[in-house]
Amino acid sequence: MINYYQGARTNPKVFKQLFCKDLLFVYYDCPLGCVRQDRWSQNNYILYIISGKKVLYTTTRSWLLTRGTAVFVKKGACIIERVDGEVLILMAFFIPDDYLRSFLIENRALLTKEKINVQEDDLVLSLEVDEMMLAYFESVIPYFFSSVKPPEYLLELKFRELLFNIIGNPVNTELISFLKTLVSSQANNIRSIIEANYSYNLTLGEYAKLCNRSLSSFKRDFYNIYSESPARWLLDKRLSHSLKLLCNSNSPIVDISFESGFENSTHFSHAFKKHFGLSPLKYRQKNSTLQSSF
């Protein structure tokens, strides 16, 4: 999968960018030939769509992002698809957990004490784009095209302004609820992160990055939670997911292997047959025959 943060950070010719500490601002004009990508990021990020449309897909739902909309995307993996032939232009603001957590601790008054119910597994949280937010986004764009690089202190002030705008807006209740987990013991929870991203073809090292751990500490902490290795657990979980897709959809085998997190259909077929005793195609055919006999 493509590492969105690393890809943006290391391709300044494609992604116009402003960088301060570990904070990254990106202005991106997506080529028309680029339609669909699988992508992950070890940092949360904010997206603002300047023009065009794009769809973000997870295993459970999708989000259509249109011109003038802004969203907070949690760290993790998803499928990105550009819609129709309109040029897609967007800005992205990547925020490392450590920076966001220190900002929240410093400004605890921004986090309401009111308890809010929110879908914890939602990857994307909508943000209100009011006049203040619109003015903010418009004020940032000239920095990307200036021949003089803005000083770091100014960039950090602009980043903090963004955070004050979105967290200080009481309409953004879902985001506020989620951010509370960053200053609590729930932060970097392996269970919630792995359950939301098991169906993507990430390496164990990449899962460790998502959980803000070294590979060795990730494996240790994972075993303490699940009583088995992450490699074993991921394989079983992906096979169970593929079984549901085989039985409840007409998707081609190659698509099911992709949607279940396998590297390729050959690897998927081999693992499936070893586990269930039949190839994916024969299992589907047998299951269809049994269902039609009732």
# chains A, B, ... in the order shown; residues from 1 in each chain; ligands from 1

$ residues_around --residues "region 272-278 of chain A" --least-positions-apart "5" --cutoff "12 Å" --atoms "only C-alpha atoms" --output "PyMOL selection string"
chain A and resi 235-243+246+253+256-257+260+262+265-267+283-287

$ write_last_selection --atoms "C-alpha atoms" --output "tab-separated table (two decimals), in the first residue's frame"
chain	number	residue	atom	x	y	z
A	235	LEU	CA	-4.22	-14.51	8.56
A	236	ASP	CA	-7.18	-16.04	10.42
A	237	LYS	CA	-9.06	-12.75	10.44
A	238	ARG	CA	-8.49	-12.15	6.72
A	239	LEU	CA	-9.56	-15.68	5.84
A	240	SER	CA	-12.76	-15.28	7.87
A	241	HIS	CA	-13.45	-12.00	6.09
A	242	SER	CA	-12.82	-13.57	2.68
A	243	LEU	CA	-15.22	-16.40	3.55
A	246	LEU	CA	-17.31	-15.50	-0.99
A	253	ILE	CA	-11.87	-14.04	-6.50
A	256	ILE	CA	-11.96	-10.71	-2.71
A	257	SER	CA	-8.27	-11.42	-2.20
A	260	SER	CA	-9.28	-9.20	2.43
A	262	PHE	CA	-3.80	-10.56	0.74
A	265	SER	CA	-4.81	-13.89	-5.50
A	266	THR	CA	-2.25	-16.72	-5.68
A	267	HIS	CA	-1.25	-16.23	-2.05
A	283	TYR	CA	-15.78	-23.50	-1.94
A	284	ARG	CA	-18.10	-20.91	-3.52
A	285	GLN	CA	-19.47	-23.44	-6.00
A	286	LYS	CA	-20.12	-26.00	-3.26
A	287	ASN	CA	-21.75	-23.41	-1.04

$ residues_around --residues "Leu111 (chain A)" --least-positions-apart "2" --cutoff "12 Å" --atoms "only C-alpha atoms" --output "VMD selection string"
chain A and resid 101 103 to 109 113 to 116 163 to 164 166 to 170 172 to 183

$ select_by_dssp --residues "region 5-86 of chain A" --states "helix (DSSP H, G or I)" --output "list in words"
Tyr5, Gln6, Gly7, Ala8 and Arg9 of chain A

$ residues_around --residues "region 193-202 of chain A" --least-positions-apart "3" --cutoff "9 Å" --atoms "only C-alpha atoms" --output "VMD selection string"
chain A and resid 1 38 40 58 to 59 75 to 78 121 to 123 188 to 190 205 to 207 210 to 211 234 237 to 238 241 258 to 263

$ write_last_selection --atoms "N, CA and C atoms" --output "short mmCIF file (atom, residue, chain, number, x, y, z; two decimals), in the first residue's frame"
data_model
loop_
_atom_site.label_atom_id
_atom_site.label_comp_id
_atom_site.auth_asym_id
_atom_site.auth_seq_id
_atom_site.Cartn_x
_atom_site.Cartn_y
_atom_site.Cartn_z
N MET A 1 0.83 -1.20 0.00
CA MET A 1 0.00 0.00 0.00
C MET A 1 0.87 1.25 0.00
N ASP A 38 -4.89 2.43 -3.09
CA ASP A 38 -4.99 2.00 -1.71
C ASP A 38 -3.91 2.74 -0.93
N TRP A 40 -2.39 4.35 3.11
CA TRP A 40 -2.43 4.38 4.56
C TRP A 40 -1.55 5.51 5.07
N THR A 58 -13.77 2.17 3.21
CA THR A 58 -13.25 1.18 4.15
C THR A 58 -14.07 -0.09 3.94
N THR A 59 -13.82 -1.11 4.76
CA THR A 59 -14.56 -2.37 4.60
C THR A 59 -16.02 -2.23 5.01
N LYS A 75 -5.73 8.09 11.43
CA LYS A 75 -4.62 7.30 10.90
C LYS A 75 -5.09 5.88 10.63
N GLY A 76 -4.58 5.30 9.55
CA GLY A 76 -5.02 3.98 9.15
C GLY A 76 -5.03 3.86 7.65
N ALA A 77 -5.77 2.88 7.13
CA ALA A 77 -5.77 2.59 5.71
C ALA A 77 -7.17 2.73 5.12
N CYS A 78 -7.21 3.01 3.81
CA CYS A 78 -8.48 3.11 3.10
C CYS A 78 -8.20 3.05 1.60
N ASP A 121 -15.45 3.32 15.08
CA ASP A 121 -14.78 2.72 13.93
C ASP A 121 -14.88 3.57 12.67
N ASP A 122 -15.51 4.72 12.75
CA ASP A 122 -15.58 5.61 11.59
C ASP A 122 -14.20 6.20 11.32
N LEU A 123 -13.70 5.97 10.11
CA LEU A 123 -12.38 6.49 9.74
C LEU A 123 -12.43 7.99 9.51
N ASN A 188 -3.59 5.10 21.12
CA ASN A 188 -2.75 4.07 20.51
C ASN A 188 -3.18 2.67 20.92
N ASN A 189 -4.48 2.48 21.10
CA ASN A 189 -5.03 1.19 21.47
C ASN A 189 -4.85 0.20 20.33
N ILE A 190 -4.07 -0.85 20.57
CA ILE A 190 -3.79 -1.82 19.52
C ILE A 190 -5.06 -2.46 19.01
N GLY A 205 5.53 -4.14 10.32
CA GLY A 205 6.21 -2.90 10.64
C GLY A 205 5.30 -1.70 10.48
N GLU A 206 4.45 -1.74 9.46
CA GLU A 206 3.51 -0.64 9.23
C GLU A 206 2.41 -0.62 10.28
N TYR A 207 1.94 -1.80 10.69
CA TYR A 207 0.98 -1.85 11.79
C TYR A 207 1.61 -1.30 13.08
N LEU A 210 1.47 2.44 12.98
CA LEU A 210 0.13 2.93 13.28
C LEU A 210 -0.13 2.97 14.78
N CYS A 211 0.46 2.02 15.49
CA CYS A 211 0.26 1.93 16.94
C CYS A 211 1.33 2.68 17.72
N LEU A 234 -3.81 -12.13 12.02
CA LEU A 234 -4.17 -11.43 10.78
C LEU A 234 -4.60 -12.42 9.70
N LYS A 237 -8.05 -13.79 10.59
CA LYS A 237 -9.06 -12.75 10.44
C LYS A 237 -9.35 -12.48 8.97
N ARG A 238 -8.31 -12.42 8.15
CA ARG A 238 -8.49 -12.15 6.72
C ARG A 238 -9.19 -13.31 6.03
N HIS A 241 -12.84 -13.08 6.86
CA HIS A 241 -13.45 -12.00 6.09
C HIS A 241 -13.68 -12.43 4.64
N PHE A 258 -7.99 -9.06 -2.72
CA PHE A 258 -7.55 -7.69 -2.47
C PHE A 258 -8.29 -7.08 -1.29
N GLU A 259 -9.60 -7.27 -1.24
CA GLU A 259 -10.42 -6.68 -0.18
C GLU A 259 -10.20 -7.34 1.17
N SER A 260 -9.55 -8.49 1.17
CA SER A 260 -9.28 -9.20 2.43
C SER A 260 -7.86 -9.01 2.93
N GLY A 261 -7.05 -8.24 2.18
CA GLY A 261 -5.72 -7.90 2.66
C GLY A 261 -4.60 -8.81 2.21
N PHE A 262 -4.86 -9.68 1.22
CA PHE A 262 -3.80 -10.56 0.74
C PHE A 262 -2.97 -9.88 -0.33
N GLU A 263 -1.71 -10.30 -0.41
CA GLU A 263 -0.77 -9.65 -1.34
C GLU A 263 -1.19 -9.85 -2.78
#

$ closest_residue --among "A:Cys20, A:Val129, A:Leu110, A:Leu162" --to "Thr69 (chain A)" --atoms "only C-alpha atoms"
A:Val129

$ closest_residue --among "A:Lys13, A:His270, A:Lys282, A:Arg220" --to "Cys247 (chain A)" --atoms "only C-alpha atoms"
A:Lys282
